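Colleague: Pasting coords07.cif below, which is mmCIF, C-alpha atoms (C1' of nucleotides).
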data_final
#
loop_
_atom_site.label_atom_id
_atom_site.label_comp_id
_atom_site.auth_asym_id
_atom_site.auth_seq_id
_atom_site.Cartn_x
_atom_site.Cartn_y
_atom_site.Cartn_z
CA MET A 651 103.78 -0.08 -31.30
CA VAL A 652 105.80 1.62 -33.94
CA LYS A 653 108.42 -1.09 -33.85
CA GLY A 654 107.36 -4.08 -35.91
CA SER A 655 104.47 -2.15 -37.39
CA THR A 656 104.03 -2.44 -41.10
CA GLU A 657 102.90 0.37 -43.34
CA VAL A 658 99.44 -1.13 -43.14
CA ALA A 659 99.39 -0.98 -39.37
CA LEU A 660 100.69 2.58 -39.45
CA ALA A 661 98.07 3.62 -41.99
CA ILE A 662 95.29 1.98 -40.05
CA MET A 663 96.14 3.37 -36.65
CA ASN A 664 96.67 6.69 -38.35
CA VAL A 665 93.09 6.72 -39.56
CA VAL A 666 91.80 5.38 -36.27
CA ALA A 667 93.63 8.15 -34.48
CA MET A 668 91.88 10.79 -36.58
CA VAL A 669 88.38 9.54 -35.96
CA PRO A 670 86.44 12.47 -34.44
CA CYS A 671 84.95 12.20 -31.00
CA GLY A 672 81.28 11.31 -30.91
CA SER A 673 81.54 9.41 -34.16
CA VAL A 674 82.28 5.83 -35.10
CA ALA A 675 83.90 4.15 -38.07
CA THR A 676 83.64 0.66 -39.47
CA TYR A 677 86.57 -1.69 -40.03
CA GLY A 678 86.07 -1.52 -43.76
CA GLN A 679 85.92 2.25 -43.71
CA VAL A 680 89.08 2.61 -41.68
CA ALA A 681 90.84 0.05 -43.83
CA LYS A 682 89.68 1.79 -46.97
CA LEU A 683 90.67 5.25 -45.78
CA ALA A 684 94.00 3.80 -44.77
CA GLY A 685 94.40 2.77 -48.38
CA PHE A 686 93.76 -0.94 -47.85
CA PRO A 687 90.11 -1.79 -48.54
CA LYS A 688 90.96 -5.46 -48.19
CA HIS A 689 92.48 -5.19 -44.77
CA ALA A 690 89.16 -4.92 -43.00
CA ARG A 691 90.06 -7.88 -40.80
CA TYR A 692 93.52 -6.67 -40.04
CA VAL A 693 92.02 -3.53 -38.53
CA GLY A 694 90.48 -5.57 -35.75
CA THR A 695 93.50 -7.82 -35.46
CA LEU A 696 95.67 -4.77 -35.02
CA LEU A 697 93.46 -2.91 -32.58
CA LYS A 698 93.23 -6.11 -30.59
CA ASN A 699 96.96 -5.98 -30.04
CA MET A 700 96.69 -2.34 -29.05
CA ASP A 701 96.58 -1.56 -25.36
CA VAL A 702 94.63 1.22 -23.70
CA ASN A 703 97.97 3.00 -23.55
CA SER A 704 97.82 3.38 -27.30
CA HIS A 705 95.65 6.41 -26.59
CA LEU A 706 93.88 5.51 -29.82
CA PRO A 707 90.07 5.60 -30.19
CA TRP A 708 89.95 1.89 -30.95
CA HIS A 709 86.52 1.82 -29.30
CA ARG A 710 85.18 3.95 -32.15
CA ILE A 711 85.84 1.11 -34.55
CA ILE A 712 82.90 -1.20 -35.03
CA ASN A 713 81.74 -3.71 -37.60
CA GLY A 714 79.64 -2.93 -40.66
CA GLN A 715 76.44 -3.66 -38.77
CA GLY A 716 77.21 -1.03 -36.18
CA GLY A 717 77.62 -3.74 -33.60
CA ILE A 718 80.48 -4.51 -31.26
CA SER A 719 82.27 -7.77 -31.85
CA LEU A 720 84.24 -7.61 -28.65
CA SER A 721 83.36 -9.85 -25.75
CA LYS A 722 85.10 -7.77 -23.14
CA LEU A 723 82.58 -6.96 -20.44
CA ASP A 724 82.99 -4.40 -17.71
CA ASP A 725 81.50 -4.26 -14.22
CA GLN A 726 78.31 -2.95 -15.72
CA GLY A 727 77.89 -6.21 -17.58
CA MET A 728 77.99 -4.43 -20.88
CA ASN A 729 80.60 -4.22 -23.56
CA PHE A 730 83.58 -2.24 -22.42
CA GLN A 731 83.60 -0.60 -25.80
CA ALA A 732 79.95 0.33 -25.54
CA ALA A 733 80.67 2.18 -22.30
CA LEU A 734 83.37 4.23 -24.00
CA LEU A 735 81.06 5.03 -26.90
CA MET A 736 78.28 6.24 -24.63
CA ALA A 737 80.85 8.28 -22.77
CA GLU A 738 81.27 10.23 -26.01
CA GLY A 739 77.56 10.85 -26.31
CA ILE A 740 76.91 8.02 -28.72
CA VAL A 741 73.60 6.29 -28.19
CA LEU A 742 73.51 2.52 -28.47
CA GLU A 743 70.29 0.88 -29.55
CA ASN A 744 69.90 -2.81 -28.89
CA GLY A 745 73.63 -2.92 -28.35
CA LYS A 746 74.27 -1.40 -31.72
CA VAL A 747 75.11 2.03 -33.02
CA ASP A 748 73.15 3.85 -35.70
CA LEU A 749 75.71 4.16 -38.44
CA LYS A 750 73.30 6.48 -40.19
CA ARG A 751 73.74 8.88 -37.30
CA TYR A 752 77.18 8.27 -35.90
CA GLN A 753 79.24 6.82 -38.72
CA TRP A 754 82.24 9.03 -39.31
CA ARG A 755 82.07 11.04 -42.49
CA VAL A 756 85.35 12.11 -44.01
CA ALA A 757 85.40 15.88 -43.94
CA GLY A 758 87.52 16.13 -47.04
"C1'" DG Y 851 108.74 -22.60 -43.39
"C1'" DA Y 852 103.90 -24.12 -43.35
"C1'" DT Y 853 99.35 -24.17 -41.21
"C1'" DC Y 854 95.49 -22.36 -38.51
"C1'" DA Y 855 92.70 -18.74 -36.65
"C1'" DG Y 856 90.67 -13.99 -36.36
"C1'" DG Y 857 87.07 -7.61 -33.16
"C1'" DC Y 858 85.41 -8.37 -41.28
"C1'" DT Y 859 83.43 -7.27 -45.95
"C1'" DC Y 860 81.64 -8.28 -50.49
"C1'" DT Y 861 79.02 -10.80 -53.88
"C1'" DA Y 862 75.57 -14.21 -55.21
"C1'" DA Y 863 71.19 -16.78 -54.56
"C1'" DA T 231 65.86 -8.57 -46.54
"C1'" DT T 232 68.25 -12.92 -45.13
"C1'" DT T 233 71.40 -16.78 -45.82
"C1'" DA T 234 75.55 -18.86 -47.75
"C1'" DG T 235 80.15 -18.86 -49.79
"C1'" DA T 236 84.62 -16.69 -51.19
"C1'" DG T 237 88.42 -13.31 -50.42
"C1'" DC T 238 92.18 -10.66 -48.34
"C1'" DC T 239 96.08 -10.05 -44.78
"C1'" DT T 240 98.46 -10.54 -40.66
"C1'" DG T 241 99.81 -12.83 -36.13
"C1'" DA T 242 100.57 -16.90 -33.57
"C1'" DT T 243 101.61 -21.95 -33.13
#
Let me see the file written as structure tokens.
Modeller:
Amino acid sequence: MVKGSTEVALAIMNVVAMVPCGSVATYGQVAKLAGFPKHARYVGTLLKNMDVNSHLPWHRIINGQGGISLSKLDDQGMNFQAALLMAEGIVLENGKVDLKRYQWRVAG
DNA sequence: GATCAGGCTCTAA
DNA sequence: ATTAGAGCCTGAT
């Protein structure tokens, strides 16, 4: 992962890695915190390339509407990401997350 | 080297 | 509040 990664990728996955458990962050937020408010798309593009071995909370990254853009479905017939989110105590309503309740707020 | 596509967001009507 | 168009950047072909 580190090899071939640009400073943008490093900054993004750095922010993603610091997202607290039980909270979610939007692509734009991660990109902005990373220092690249325009790289909202790249966040997804990057996480897409990331494997589960990345041990990064990529599942905590969702779009601005609190919805999951992924199409990956698990045995439960639901989004694989959604399952991970619920596993952290996050409640999904209508397949979406209440950003007002779970969106990650920067402590500092 | 150029072109196309993508897990998005912002601004305008 | 919803719909439509433009913008930014990288990865793959």
Colleague: Work out how far atom CA of A:Leu749 is from atom CA of A:Leu683, in Å to one decimal.
Modeller: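 Separation of atom CA of A:Leu683 and atom CA of A:Leu749: 16.7 Å.
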Colleague: Just give me the residues with any atom within 10 Å of (94.2, -12.0, -45.2), file coordinates, counting only C-alpha atoms (C1' of nucleotides), written as a PyMOL selection string.
Modeller: (chain A and resi 688-692) or (chain Y and resi 856) or (chain T and resi 237-240)
Colleague: Please, what distance in Å, to one decimal, runs between atom CA of A:Gly672 and atom CA of A:Glu738?
Modeller: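 Computed distance, atom CA of A:Gly672 to atom CA of A:Glu738, equals 5.0 Å.
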Colleague: Using all atoms listed in the file and a cut-off of 12 Å, which residues of chain A sit close to chain T? Please list them as JSON, numbers by chain.
Modeller: {"A": [654, 655, 656, 658, 659, 678, 681, 686, 687, 688, 689, 690, 691, 692, 693, 694, 695, 696, 698, 699]}
Colleague: Sort by chain and increasing residue number a table of all residues of chain Y within 9 Å of chain A, each with its closest pair of atoms and their distance in Å to one decimal, counting all atoms listed in the file, and write it as JSON lines.
Modeller:
{"residue": "Y:DG856", "atom": "C1'", "partner": "A:Thr695", "partner_atom": "CA", "distance": 6.8}
{"residue": "Y:DG857", "atom": "C1'", "partner": "A:Gly694", "partner_atom": "CA", "distance": 4.7}
{"residue": "Y:DC858", "atom": "C1'", "partner": "A:Arg691", "partner_atom": "CA", "distance": 4.7}
{"residue": "Y:DT859", "atom": "C1'", "partner": "A:Gly678", "partner_atom": "CA", "distance": 6.7}
Colleague: State, in Å with one decimal place, the distance from atom CA of A:Met668 to atom CA of A:Trp754.
Modeller: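 Computing it gives 10.2 Å between the two atoms.
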Colleague: If the PyMOL selection byres ((chain A and resi 756) around 10) were run on this exact file, what residues would it hold? Put them as a PyMOL selection string.
Modeller: chain A and resi 668-670+679+683+753-755+757-758
Colleague: Which residues, named as in the file, does the PyMOL selection byres ((chain A and resi 731) around 12) pick out? Answer as JSON, numbers by chain.
Modeller: {"A": [674, 702, 707, 708, 709, 710, 711, 712, 717, 718, 719, 720, 721, 722, 723, 724, 726, 727, 728, 729, 730, 732, 733, 734, 735, 736, 737, 738, 740, 742, 745, 746, 747], "Y": [857]}
Colleague: Once you have the residues from the selection above, write them out as a PDB file, in the coordinates of the input, restricted to C-alpha atoms (C1' of nucleotides).
Modeller:
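Output contents, as saved in result.pdb:
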ATOM      1  CA  VAL A 674      82.280   5.830 -35.100  1.00  0.00           C
ATOM      2  CA  VAL A 702      94.630   1.220 -23.700  1.00  0.00           C
ATOM      3  CA  PRO A 707      90.070   5.600 -30.190  1.00  0.00           C
ATOM      4  CA  TRP A 708      89.950   1.890 -30.950  1.00  0.00           C
ATOM      5  CA  HIS A 709      86.520   1.820 -29.300  1.00  0.00           C
ATOM      6  CA  ARG A 710      85.180   3.950 -32.150  1.00  0.00           C
ATOM      7  CA  ILE A 711      85.840   1.110 -34.550  1.00  0.00           C
ATOM      8  CA  ILE A 712      82.900  -1.200 -35.030  1.00  0.00           C
ATOM      9  CA  GLY A 717      77.620  -3.740 -33.600  1.00  0.00           C
ATOM     10  CA  ILE A 718      80.480  -4.510 -31.260  1.00  0.00           C
ATOM     11  CA  SER A 719      82.270  -7.770 -31.850  1.00  0.00           C
ATOM     12  CA  LEU A 720      84.240  -7.610 -28.650  1.00  0.00           C
ATOM     13  CA  SER A 721      83.360  -9.850 -25.750  1.00  0.00           C
ATOM     14  CA  LYS A 722      85.100  -7.770 -23.140  1.00  0.00           C
ATOM     15  CA  LEU A 723      82.580  -6.960 -20.440  1.00  0.00           C
ATOM     16  CA  ASP A 724      82.990  -4.400 -17.710  1.00  0.00           C
ATOM     17  CA  GLN A 726      78.310  -2.950 -15.720  1.00  0.00           C
ATOM     18  CA  GLY A 727      77.890  -6.210 -17.580  1.00  0.00           C
ATOM     19  CA  MET A 728      77.990  -4.430 -20.880  1.00  0.00           C
ATOM     20  CA  ASN A 729      80.600  -4.220 -23.560  1.00  0.00           C
ATOM     21  CA  PHE A 730      83.580  -2.240 -22.420  1.00  0.00           C
ATOM     22  CA  ALA A 732      79.950   0.330 -25.540  1.00  0.00           C
ATOM     23  CA  ALA A 733      80.670   2.180 -22.300  1.00  0.00           C
ATOM     24  CA  LEU A 734      83.370   4.230 -24.000  1.00  0.00           C
ATOM     25  CA  LEU A 735      81.060   5.030 -26.900  1.00  0.00           C
ATOM     26  CA  MET A 736      78.280   6.240 -24.630  1.00  0.00           C
ATOM     27  CA  ALA A 737      80.850   8.280 -22.770  1.00  0.00           C
ATOM     28  CA  GLU A 738      81.270  10.230 -26.010  1.00  0.00           C
ATOM     29  CA  ILE A 740      76.910   8.020 -28.720  1.00  0.00           C
ATOM     30  CA  LEU A 742      73.510   2.520 -28.470  1.00  0.00           C
ATOM     31  CA  GLY A 745      73.630  -2.920 -28.350  1.00  0.00           C
ATOM     32  CA  LYS A 746      74.270  -1.400 -31.720  1.00  0.00           C
ATOM     33  CA  VAL A 747      75.110   2.030 -33.020  1.00  0.00           C
TER      34      VAL A 747
ATOM     35  C1'  DG Y 857      87.070  -7.610 -33.160  1.00  0.00           C
TER      36       DG Y 857
END
Colleague: Quick one: residues within 7 Å of A:Val680, all atoms listed in the file, excluding same-chain residues fewer than 5 positions away - as a list in words?
Modeller: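 With the cut-off at 7 Å, the set is Ile662, Val665, Val666 and Ala675 of chain A.
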Colleague: Emit the selected residues as a short mmCIF file (atom, residue, chain, number, x, y, z; two decimals), in the frame of the given file, including C-alpha atoms.
Modeller:
data_model
loop_
_atom_site.label_atom_id
_atom_site.label_comp_id
_atom_site.auth_asym_id
_atom_site.auth_seq_id
_atom_site.Cartn_x
_atom_site.Cartn_y
_atom_site.Cartn_z
CA ILE A 662 95.29 1.98 -40.05
CA VAL A 665 93.09 6.72 -39.56
CA VAL A 666 91.80 5.38 -36.27
CA ALA A 675 83.90 4.15 -38.07
#
